[in-house]
file input_8.tsv (TSV, C-alpha atoms)
chain	number	residue	atom	x	y	z
A	1157	MET	CA	31.00	31.81	-11.48
A	1158	LYS	CA	28.57	30.93	-14.29
A	1159	LYS	CA	30.54	27.77	-15.09
A	1160	LEU	CA	30.43	26.67	-11.47
A	1161	LEU	CA	26.67	27.28	-11.31
A	1162	PHE	CA	26.14	25.44	-14.60
A	1163	LYS	CA	28.22	22.44	-13.44
A	1164	SER	CA	26.40	22.25	-10.13
A	1165	LEU	CA	23.01	22.28	-11.93
A	1166	ILE	CA	24.16	19.46	-14.23
A	1167	ILE	CA	25.34	17.43	-11.25
A	1168	LEU	CA	22.04	18.06	-9.44
A	1169	PHE	CA	19.94	16.99	-12.45
A	1170	ALA	CA	22.11	13.90	-13.00
A	1171	ALA	CA	21.76	12.91	-9.34
A	1172	VAL	CA	17.98	13.25	-9.49
A	1173	PHE	CA	17.54	11.33	-12.77
A	1174	ILE	CA	20.02	8.58	-11.95
A	1175	ASN	CA	18.19	7.76	-8.70
A	1176	LEU	CA	14.76	7.50	-10.33
A	1177	PRO	CA	13.53	3.91	-10.35
A	1178	ALA	CA	12.95	2.41	-13.75
A	1179	ALA	CA	9.43	1.28	-14.57
A	1180	ALA	CA	9.47	-2.45	-13.97
A	1181	LYS	CA	7.66	-4.75	-16.34
A	1182	THR	CA	4.64	-6.32	-14.69
A	1183	ASP	CA	4.87	-10.06	-14.09
A	1184	TYR	CA	1.31	-11.13	-14.91
A	1185	ALA	CA	1.97	-14.80	-14.15
A	1186	GLU	CA	2.92	-13.80	-10.61
A	1187	LEU	CA	-0.14	-11.54	-10.34
A	1188	TYR	CA	-2.32	-14.47	-11.43
A	1189	LYS	CA	-0.79	-16.71	-8.74
A	1190	LYS	CA	-1.26	-14.09	-6.01
A	1191	THR	CA	-4.86	-13.27	-6.90
A	1192	ASN	CA	-7.28	-15.36	-4.85
A	1193	PRO	CA	-10.80	-16.23	-6.01
A	1194	ALA	CA	-13.75	-14.58	-4.30
A	1195	ASP	CA	-14.54	-16.12	-0.94
A	1196	PHE	CA	-18.20	-15.06	-0.91
A	1197	GLU	CA	-21.37	-15.56	-2.91
A	1198	LEU	CA	-24.20	-13.17	-3.61
A	1199	VAL	CA	-27.76	-13.92	-2.56
A	1200	HIS	CA	-29.65	-15.12	-5.65
A	1201	ASN	CA	-26.72	-13.79	-7.74
A	1202	ILE	CA	-28.01	-10.23	-7.41
A	1203	ASP	CA	-25.59	-7.32	-7.21
A	1204	PRO	CA	-26.44	-5.61	-3.89
A	1205	TYR	CA	-25.68	-2.12	-5.27
A	1206	GLN	CA	-27.47	-2.52	-8.59
A	1207	ASN	CA	-30.55	-0.51	-7.59
A	1208	GLU	CA	-28.42	2.43	-6.46
A	1209	ASP	CA	-26.69	2.53	-9.84
A	1210	TYR	CA	-29.95	2.67	-11.73
A	1211	GLN	CA	-31.32	5.33	-9.40
A	1212	ASN	CA	-28.22	7.56	-9.67
A	1213	TYR	CA	-27.51	7.35	-13.39
A	1214	ALA	CA	-29.58	8.25	-16.41
A	1215	TRP	CA	-28.76	4.95	-18.15
A	1216	SER	CA	-26.77	1.78	-17.48
A	1217	PRO	CA	-23.38	2.91	-16.18
A	1218	PHE	CA	-21.38	-0.24	-17.00
A	1219	PRO	CA	-19.72	-1.35	-20.24
A	1220	LEU	CA	-20.96	-4.30	-22.29
A	1221	PHE	CA	-18.16	-6.70	-23.26
A	1222	ARG	CA	-18.18	-9.52	-25.79
A	1223	LEU	CA	-15.88	-12.40	-24.90
A	1224	SER	CA	-15.07	-14.31	-28.10
A	1225	SER	CA	-13.46	-17.37	-26.50
A	1226	ASP	CA	-13.60	-19.17	-23.19
A	1227	VAL	CA	-11.26	-17.93	-20.46
A	1228	TYR	CA	-10.32	-19.57	-17.19
A	1229	PHE	CA	-9.62	-18.26	-13.73
A	1230	LYS	CA	-8.58	-20.75	-11.03
A	1231	GLY	CA	-11.24	-23.39	-11.61
A	1232	GLN	CA	-13.86	-21.07	-13.08
A	1233	THR	CA	-14.67	-21.24	-16.78
A	1234	ILE	CA	-16.14	-18.11	-18.29
A	1235	PRO	CA	-17.69	-19.11	-21.62
A	1236	ALA	CA	-17.72	-16.84	-24.65
A	1237	GLY	CA	-20.65	-14.42	-24.69
A	1238	TYR	CA	-21.84	-10.95	-23.80
A	1239	TYR	CA	-21.29	-9.67	-20.27
A	1240	ILE	CA	-21.82	-6.40	-18.46
A	1241	LEU	CA	-18.61	-5.76	-16.51
A	1242	THR	CA	-19.29	-4.16	-13.14
A	1243	PRO	CA	-16.37	-3.12	-10.89
A	1244	ARG	CA	-17.19	-3.37	-7.20
A	1245	THR	CA	-15.42	-3.19	-3.85
A	1246	MET	CA	-16.62	-5.98	-1.58
A	1247	HIS	CA	-15.15	-6.92	1.79
A	1248	GLY	CA	-12.27	-4.49	1.27
A	1249	ARG	CA	-11.15	-5.98	-2.08
A	1250	ASP	CA	-11.85	-5.03	-5.67
A	1251	TYR	CA	-13.78	-7.38	-7.94
A	1252	VAL	CA	-15.34	-7.23	-11.38
A	1253	PHE	CA	-18.76	-8.84	-11.72
A	1254	PHE	CA	-19.55	-10.50	-15.04
A	1255	LYS	CA	-23.31	-10.02	-15.38
A	1256	GLU	CA	-25.74	-11.63	-17.77
A	1257	ALA	CA	-29.45	-10.71	-17.89
A	1258	GLY	CA	-29.12	-8.69	-14.68
A	1259	LYS	CA	-27.65	-11.58	-12.66
A	1260	VAL	CA	-24.02	-11.92	-11.57
A	1261	LYS	CA	-22.60	-14.98	-13.31
A	1262	TYR	CA	-18.94	-14.69	-12.26
A	1263	ILE	CA	-17.02	-12.74	-9.63
A	1264	ILE	CA	-13.41	-12.17	-10.67
A	1265	PRO	CA	-10.90	-10.47	-8.35
A	1266	VAL	CA	-8.90	-7.53	-9.66
A	1267	ALA	CA	-5.20	-8.38	-9.99
A	1268	LYS	CA	-4.07	-4.75	-10.01
A	1269	LYS	CA	-5.79	-1.37	-9.77
A	1270	GLU	CA	-4.43	1.97	-10.98
A	1271	LEU	CA	-5.65	5.45	-11.75
A	1272	VAL	CA	-6.66	6.28	-15.31
A	1273	PRO	CA	-4.28	8.83	-16.90
A	1274	VAL	CA	-5.61	12.34	-17.25
A	1275	ASP	CA	-7.30	12.99	-20.62
A	1276	PHE	CA	-7.31	9.24	-21.42
A	1277	TYR	CA	-10.95	9.09	-22.48
A	1278	HIS	CA	-10.66	12.13	-24.76
A	1279	SER	CA	-7.72	10.59	-26.61
A	1280	LYS	CA	-9.13	7.03	-26.84
A	1281	ILE	CA	-12.79	7.76	-27.51
A	1282	PRO	CA	-12.95	10.19	-30.43
A	1283	GLU	CA	-15.98	12.37	-31.02
A	1284	PRO	CA	-17.73	11.36	-34.25
A	1285	LYS	CA	-18.14	13.97	-36.96
A	1286	LEU	CA	-21.81	14.83	-37.20
A	1287	THR	CA	-23.84	16.27	-40.03
A	1288	LYS	CA	-25.82	19.43	-39.36
A	1289	TRP	CA	-29.00	17.42	-38.82
A	1290	GLN	CA	-27.28	14.99	-36.44
A	1291	SER	CA	-25.77	17.92	-34.55
A	1292	PHE	CA	-29.19	19.58	-34.23
A	1293	CYS	CA	-30.75	16.32	-32.97
A	1294	LYS	CA	-27.93	15.79	-30.47
A	1295	LYS	CA	-28.26	19.33	-29.07
A	1296	THR	CA	-32.04	18.95	-28.81
A	1297	ARG	CA	-31.73	15.57	-27.07
A	1298	GLU	CA	-29.11	16.94	-24.66
A	1299	GLY	CA	-31.36	19.93	-23.94
A	1300	PHE	CA	-34.29	17.66	-23.01
A	1301	TYR	CA	-31.95	15.41	-21.08
A	1302	THR	CA	-30.65	18.39	-19.08
A	1303	ILE	CA	-34.19	19.51	-18.22
A	1304	PHE	CA	-35.30	16.05	-17.08
A	1305	ARG	CA	-31.98	15.21	-15.43
A	1306	ASN	CA	-32.23	18.31	-13.25
A	1307	SER	CA	-35.71	17.30	-12.11
A	1308	SER	CA	-34.81	13.62	-11.61
A	1309	LYS	CA	-31.38	14.30	-10.04
A	1310	LYS	CA	-29.75	11.70	-12.29
A	1311	SER	CA	-26.28	12.16	-13.70
A	1312	PRO	CA	-24.53	10.73	-16.75
A	1313	PRO	CA	-22.54	7.58	-15.98
A	1314	PRO	CA	-18.75	7.60	-15.73
A	1315	SER	CA	-16.76	7.04	-18.91
A	1316	SER	CA	-15.57	3.51	-19.57
A	1317	TYR	CA	-13.25	1.67	-21.94
A	1318	ILE	CA	-12.00	-1.93	-22.23
A	1319	THR	CA	-8.80	-3.35	-23.71
A	1320	THR	CA	-7.70	-6.96	-24.06
A	1321	GLU	CA	-4.46	-8.58	-25.04
A	1322	ILE	CA	-2.75	-11.95	-25.03
A	1323	ILE	CA	0.21	-11.96	-22.68
A	1324	GLU	CA	2.96	-14.48	-22.00
A	1325	GLY	CA	1.57	-17.01	-24.47
A	1326	ASP	CA	-1.23	-18.66	-22.50
A	1327	MET	CA	-2.74	-15.73	-20.60
A	1328	TYR	CA	-5.27	-13.01	-21.33
A	1329	LEU	CA	-5.23	-9.54	-19.85
A	1330	ILE	CA	-8.47	-7.57	-19.70
A	1331	VAL	CA	-8.16	-3.97	-18.56
A	1332	VAL	CA	-11.40	-2.27	-17.58
A	1333	TYR	CA	-11.24	1.53	-17.45
A	1334	TYR	CA	-14.18	2.78	-15.41
A	1335	GLY	CA	-14.36	6.36	-14.22
A	1336	GLU	CA	-11.07	7.24	-12.56
A	1337	SER	CA	-9.91	3.64	-11.98
A	1338	LYS	CA	-8.24	1.05	-14.17
A	1339	TYR	CA	-8.82	-2.62	-13.25
A	1340	TYR	CA	-6.52	-5.42	-14.45
A	1341	LEU	CA	-7.99	-8.92	-14.81
A	1342	VAL	CA	-5.69	-11.84	-15.65
A	1343	PHE	CA	-7.02	-15.10	-17.13
A	1344	LYS	CA	-5.61	-18.32	-18.54
A	1345	SER	CA	-6.51	-19.43	-22.05
A	1346	ALA	CA	-6.56	-23.11	-20.99
A	1347	LYS	CA	-7.74	-24.88	-17.83
A	1348	ASP	CA	-5.27	-25.06	-14.94
call {"tool": "encode", "arguments": {"input": "input_8.tsv", "output": "C-alpha coordinates"}}
result
Amino acid sequence: MKKLLFKSLIILFAAVFINLPAAAKTDYAELYKKTNPADFELVHNIDPYQNEDYQNYAWSPFPLFRLSSDVYFKGQTIPAGYYILTPRTMHGRDYVFFKEAGKVKYIIPVAKKELVPVDFYHSKIPEPKLTKWQSFCKKTREGFYTIFRNSSKKSPPPSSYITTEIIEGDMYLIVVYYGESKYYLVFKSAKD
(Lines of atoms letter the chains of each structure in order from A and count residues from 1; the text may use other names and numbers.)
(Lines give C-alpha, C1' and ligand atoms only; values in the text may rest on other atoms or scores of the structure.)
Protein backbone atom coordinates (compact mmCIF):
# COMPACT_ATOMS: atom_id res chain seq x y z
CA MET A 1 0.00 0.00 0.00
CA LYS A 2 2.79 2.44 0.88
CA LYS A 3 4.65 1.60 -2.33
CA LEU A 4 1.54 2.24 -4.40
CA LEU A 5 0.98 5.58 -2.66
CA PHE A 6 4.63 6.54 -3.11
CA LYS A 7 4.59 5.63 -6.83
CA SER A 8 1.38 7.57 -7.43
CA LEU A 9 2.89 10.67 -5.72
CA ILE A 10 6.00 10.41 -7.90
CA ILE A 11 3.88 10.12 -11.03
CA LEU A 12 1.76 13.10 -9.94
CA PHE A 13 4.82 15.29 -9.27
CA ALA A 14 6.43 14.24 -12.56
CA ALA A 15 3.25 15.08 -14.47
CA VAL A 16 3.06 18.52 -12.87
CA PHE A 17 6.73 19.42 -13.41
CA ILE A 18 6.95 18.03 -16.94
CA ASN A 19 4.00 20.18 -18.07
CA LEU A 20 5.43 23.42 -16.67
CA PRO A 21 6.48 25.77 -19.46
CA ALA A 22 10.14 26.65 -19.55
CA ALA A 23 11.05 30.31 -19.14
CA ALA A 24 11.64 31.53 -22.66
CA LYS A 25 14.49 33.88 -23.39
CA THR A 26 13.23 37.33 -24.29
CA ASP A 27 13.83 38.39 -27.89
CA TYR A 28 14.72 42.06 -27.41
CA ALA A 29 15.16 42.69 -31.14
CA GLU A 30 11.55 41.63 -31.67
CA LEU A 31 10.42 43.78 -28.72
CA TYR A 32 12.23 46.76 -30.28
CA LYS A 33 10.46 46.19 -33.61
CA LYS A 34 7.03 45.89 -31.97
CA THR A 35 7.41 48.97 -29.77
CA ASN A 36 5.96 52.04 -31.47
CA PRO A 37 7.11 55.59 -30.73
CA ALA A 38 4.81 57.91 -28.80
CA ASP A 39 2.04 59.32 -30.97
CA PHE A 40 1.47 62.42 -28.82
CA GLU A 41 3.33 65.48 -27.60
CA LEU A 42 3.09 67.31 -24.32
CA VAL A 43 2.11 70.97 -24.14
CA HIS A 44 5.30 73.00 -23.62
CA ASN A 45 7.05 69.70 -22.75
CA ILE A 46 5.57 69.75 -19.26
CA ASP A 47 4.62 66.51 -17.53
CA PRO A 48 0.89 66.90 -16.75
CA TYR A 49 1.17 64.96 -13.46
CA GLN A 50 4.34 66.61 -12.20
CA ASN A 51 2.59 68.90 -9.70
CA GLU A 52 0.73 65.97 -8.13
CA ASP A 53 4.02 64.14 -7.57
CA TYR A 54 5.58 67.07 -5.78
CA GLN A 55 2.46 67.60 -3.68
CA ASN A 56 2.21 63.93 -2.63
CA TYR A 57 5.85 63.14 -1.90
CA ALA A 58 8.31 64.65 0.53
CA TRP A 59 11.04 64.89 -2.15
CA SER A 60 11.50 64.10 -5.83
CA PRO A 61 10.12 60.59 -6.36
CA PHE A 62 11.99 59.71 -9.56
CA PRO A 63 15.51 58.36 -10.10
CA LEU A 64 18.28 60.41 -11.69
CA PHE A 65 20.11 58.52 -14.45
CA ARG A 66 23.39 59.35 -16.17
CA LEU A 67 23.57 58.19 -19.77
CA SER A 68 27.24 57.91 -20.75
CA SER A 69 26.76 57.48 -24.50
CA ASP A 70 24.16 58.37 -27.09
CA VAL A 71 21.33 55.89 -27.61
CA TYR A 72 18.79 55.71 -30.39
CA PHE A 73 15.14 54.78 -30.53
CA LYS A 74 13.41 54.76 -33.93
CA GLY A 75 14.61 58.11 -35.23
CA GLN A 76 15.14 59.74 -31.83
CA THR A 77 18.66 60.38 -30.57
CA ILE A 78 19.03 60.65 -26.82
CA PRO A 79 22.41 62.28 -26.17
CA ALA A 80 24.59 61.41 -23.20
CA GLY A 81 23.71 63.36 -20.06
CA TYR A 82 21.72 63.37 -16.86
CA TYR A 83 18.00 62.60 -16.98
CA ILE A 84 15.24 62.10 -14.46
CA LEU A 85 13.38 58.96 -15.56
CA THR A 86 9.66 59.23 -14.94
CA PRO A 87 7.38 56.25 -15.68
CA ARG A 88 3.89 57.28 -16.78
CA THR A 89 0.76 55.72 -18.25
CA MET A 90 -0.60 57.88 -21.04
CA HIS A 91 -3.42 56.98 -23.41
CA GLY A 92 -3.51 53.43 -22.04
CA ARG A 93 0.20 52.71 -22.70
CA ASP A 94 3.28 52.88 -20.50
CA TYR A 95 6.04 55.37 -21.25
CA VAL A 96 9.17 56.62 -19.54
CA PHE A 97 9.78 60.36 -19.74
CA PHE A 98 13.39 61.49 -19.93
CA LYS A 99 13.35 64.86 -18.15
CA GLU A 100 15.96 67.57 -18.04
CA ALA A 101 15.57 70.75 -15.96
CA GLY A 102 11.92 69.92 -15.27
CA LYS A 103 10.99 69.60 -18.96
CA VAL A 104 10.27 66.35 -20.79
CA LYS A 105 12.96 65.94 -23.45
CA TYR A 106 12.09 62.44 -24.73
CA ILE A 107 9.10 60.12 -24.44
CA ILE A 108 10.13 56.47 -24.80
CA PRO A 109 7.56 53.66 -24.83
CA VAL A 110 8.01 50.73 -22.46
CA ALA A 111 8.81 47.51 -24.35
CA LYS A 112 7.78 45.25 -21.47
CA LYS A 113 6.40 45.75 -17.96
CA GLU A 114 6.61 43.30 -15.06
CA LEU A 115 6.18 43.26 -11.31
CA VAL A 116 9.25 43.77 -9.14
CA PRO A 117 10.11 40.60 -7.16
CA VAL A 118 9.29 40.67 -3.48
CA ASP A 119 12.19 41.89 -1.30
CA PHE A 120 14.10 43.10 -4.39
CA TYR A 121 14.94 46.52 -2.99
CA HIS A 122 16.18 45.13 0.33
CA SER A 123 18.59 42.79 -1.44
CA LYS A 124 19.82 45.28 -4.08
CA ILE A 125 20.02 48.45 -2.01
CA PRO A 126 22.02 47.66 1.11
CA GLU A 127 21.73 49.76 4.25
CA PRO A 128 25.00 51.59 4.92
CA LYS A 129 26.75 50.98 8.23
CA LEU A 130 26.49 54.14 10.27
CA THR A 131 28.61 55.43 13.11
CA LYS A 132 26.88 56.29 16.37
CA TRP A 133 26.80 59.97 15.46
CA GLN A 134 25.39 59.27 11.99
CA SER A 135 22.78 56.97 13.51
CA PHE A 136 21.77 59.65 16.03
CA CYS A 137 21.48 62.27 13.25
CA LYS A 138 19.44 59.91 11.07
CA LYS A 139 17.00 59.12 13.89
CA THR A 140 16.64 62.81 14.73
CA ARG A 141 16.05 63.73 11.07
CA GLU A 142 13.49 60.92 10.68
CA GLY A 143 11.75 62.08 13.86
CA PHE A 144 11.40 65.64 12.52
CA TYR A 145 10.40 64.28 9.14
CA THR A 146 7.66 62.16 10.75
CA ILE A 147 6.29 65.16 12.65
CA PHE A 148 6.21 67.41 9.58
CA ARG A 149 5.09 64.65 7.22
CA ASN A 150 2.06 63.96 9.39
CA SER A 151 1.08 67.63 9.28
CA SER A 152 1.79 68.02 5.55
CA LYS A 153 0.29 64.64 4.53
CA LYS A 154 3.33 63.86 2.38
CA SER A 155 4.74 60.37 2.08
CA PRO A 156 8.18 59.06 1.18
CA PRO A 157 8.54 58.27 -2.53
CA PRO A 158 8.52 54.69 -3.84
CA SER A 159 11.83 52.85 -4.01
CA SER A 160 13.62 52.88 -7.35
CA TYR A 161 16.58 51.19 -9.02
CA ILE A 162 18.03 51.19 -12.55
CA THR A 163 20.07 48.57 -14.41
CA THR A 164 21.58 48.72 -17.88
CA GLU A 165 23.20 46.15 -20.10
CA ILE A 166 24.34 45.66 -23.66
CA ILE A 167 22.28 42.99 -25.39
CA GLU A 168 22.58 41.27 -28.74
CA GLY A 169 25.62 43.30 -29.77
CA ASP A 170 24.09 46.58 -30.93
CA MET A 171 21.30 47.13 -28.42
CA TYR A 172 21.00 48.56 -24.93
CA LEU A 173 18.52 47.45 -22.31
CA ILE A 174 17.59 49.86 -19.53
CA VAL A 175 15.41 48.42 -16.78
CA VAL A 176 13.75 50.96 -14.49
CA TYR A 177 12.47 49.55 -11.20
CA TYR A 178 9.98 52.01 -9.75
CA GLY A 179 7.73 51.05 -6.86
CA GLU A 180 6.08 47.74 -7.68
CA SER A 181 6.71 47.86 -11.45
CA LYS A 182 9.68 47.05 -13.63
CA TYR A 183 9.91 48.85 -17.00
CA TYR A 184 12.05 47.55 -19.88
CA LEU A 185 13.39 50.09 -22.40
CA VAL A 186 15.22 48.85 -25.50
CA PHE A 187 17.55 51.12 -27.52
CA LYS A 188 19.97 50.79 -30.41
CA SER A 189 23.59 51.83 -30.02
CA ALA A 190 23.71 53.16 -33.60
CA LYS A 191 21.19 55.01 -35.77
CA ASP A 192 18.65 52.88 -37.65
call {"tool": "residues_around", "arguments": {"input": "input_8.tsv", "residues": "Leu1223 in chain A", "least_positions_apart": "2", "cutoff": "12 Å", "atoms": "only C-alpha atoms", "output": "ChimeraX atom specification"}}
result
/A:1220-1221,1225-1228,1234-1241,1254,1318-1320,1328,1330
call {"tool": "write_last_selection", "arguments": {"input": "input_8.tsv", "atoms": "C-alpha atoms", "output": "JSON list (two decimals), in the frame of the given file"}}
result
[["chain", "number", "residue", "atom", "x", "y", "z"],
["A", 1220, "LEU", "CA", -20.96, -4.30, -22.29],
["A", 1221, "PHE", "CA", -18.16, -6.70, -23.26],
["A", 1225, "SER", "CA", -13.46, -17.37, -26.50],
["A", 1226, "ASP", "CA", -13.60, -19.17, -23.19],
["A", 1227, "VAL", "CA", -11.26, -17.93, -20.46],
["A", 1228, "TYR", "CA", -10.32, -19.57, -17.19],
["A", 1234, "ILE", "CA", -16.14, -18.11, -18.29],
["A", 1235, "PRO", "CA", -17.69, -19.11, -21.62],
["A", 1236, "ALA", "CA", -17.72, -16.84, -24.65],
["A", 1237, "GLY", "CA", -20.65, -14.42, -24.69],
["A", 1238, "TYR", "CA", -21.84, -10.95, -23.80],
["A", 1239, "TYR", "CA", -21.29, -9.67, -20.27],
["A", 1240, "ILE", "CA", -21.82, -6.40, -18.46],
["A", 1241, "LEU", "CA", -18.61, -5.76, -16.51],
["A", 1254, "PHE", "CA", -19.55, -10.50, -15.04],
["A", 1318, "ILE", "CA", -12.00, -1.93, -22.23],
["A", 1319, "THR", "CA", -8.80, -3.35, -23.71],
["A", 1320, "THR", "CA", -7.70, -6.96, -24.06],
["A", 1328, "TYR", "CA", -5.27, -13.01, -21.33],
["A", 1330, "ILE", "CA", -8.47, -7.57, -19.70]]
call {"tool": "closest_residue", "arguments": {"input": "input_8.tsv", "among": "A:Ala1214, A:Ala1185, A:Leu1198, A:Leu1341", "to": "Glu1298 in chain A", "atoms": "all atoms listed in the file"}}
result
A:Ala1214
call {"tool": "residues_near_point", "arguments": {"input": "input_8.tsv", "point": "(-5.6, -6.6, -14.4)", "cutoff": "9 Å", "atoms": "only C-alpha atoms", "output": "short mmCIF file (atom, residue, chain, number, x, y, z; two decimals) with C-alpha atoms, in the frame of the given file"}}
result
data_model
loop_
_atom_site.label_atom_id
_atom_site.label_comp_id
_atom_site.auth_asym_id
_atom_site.auth_seq_id
_atom_site.Cartn_x
_atom_site.Cartn_y
_atom_site.Cartn_z
CA TYR A 1184 1.31 -11.13 -14.91
CA LEU A 1187 -0.14 -11.54 -10.34
CA PRO A 1265 -10.90 -10.47 -8.35
CA VAL A 1266 -8.90 -7.53 -9.66
CA ALA A 1267 -5.20 -8.38 -9.99
CA LYS A 1268 -4.07 -4.75 -10.01
CA LYS A 1269 -5.79 -1.37 -9.77
CA LEU A 1329 -5.23 -9.54 -19.85
CA ILE A 1330 -8.47 -7.57 -19.70
CA VAL A 1331 -8.16 -3.97 -18.56
CA VAL A 1332 -11.40 -2.27 -17.58
CA LYS A 1338 -8.24 1.05 -14.17
CA TYR A 1339 -8.82 -2.62 -13.25
CA TYR A 1340 -6.52 -5.42 -14.45
CA LEU A 1341 -7.99 -8.92 -14.81
CA VAL A 1342 -5.69 -11.84 -15.65
#
call {"tool": "closest_residue", "arguments": {"input": "input_8.tsv", "among": "A:Leu1286, A:Ile1264, A:Ala1194, A:Cys1293", "to": "Thr1233 in chain A", "atoms": "all atoms listed in the file"}}
result
A:Ile1264
call {"tool": "atom_distance", "arguments": {"input": "input_8.tsv", "atom1": "CA of Ser1315 in chain A", "atom2": "CA of Glu1186 in chain A"}}
result
29.8 Å
call {"tool": "atom_distance", "arguments": {"input": "input_8.tsv", "atom1": "CA of Ser1311 in chain A", "atom2": "CA of Asn1212 in chain A"}}
result
6.4 Å
call {"tool": "atom_distance", "arguments": {"input": "input_8.tsv", "atom1": "CA of Thr1296 in chain A", "atom2": "CA of Pro1314 in chain A"}}
result
21.8 Å
call {"tool": "closest_residue", "arguments": {"input": "input_8.tsv", "among": "A:Phe1276, A:Tyr1262, A:Tyr1301, A:Tyr1251", "to": "Gln1232 in chain A", "atoms": "all atoms listed in the file"}}
result
A:Tyr1262
call {"tool": "closest_residue", "arguments": {"input": "input_8.tsv", "among": "A:Thr1242, A:Asp1195, A:Arg1297, A:Lys1280", "to": "Pro1217 in chain A", "atoms": "all atoms listed in the file"}}
result
A:Thr1242
call {"tool": "axis_aligned_box", "arguments": {"input": "input_8.tsv", "around": "range 1290-1304 of chain A", "padding_each_side": "8 Å", "output": "AutoDock Vina command-line options"}}
result
--center_x -30.5 --center_y 17.5 --center_z -26.8 --size_x 25.5 --size_y 20.9 --size_z 35.4
call {"tool": "closest_residue", "arguments": {"input": "input_8.tsv", "among": "A:Leu1271, A:Lys1309, A:Phe1229, A:Ile1263", "to": "Lys1347 in chain A", "atoms": "all atoms listed in the file"}}
result
A:Phe1229
call {"tool": "closest_residue", "arguments": {"input": "input_8.tsv", "among": "A:Pro1282, A:Phe1343, A:Pro1312, A:Lys1181", "to": "Met1327 in chain A", "atoms": "all atoms listed in the file"}}
result
A:Phe1343
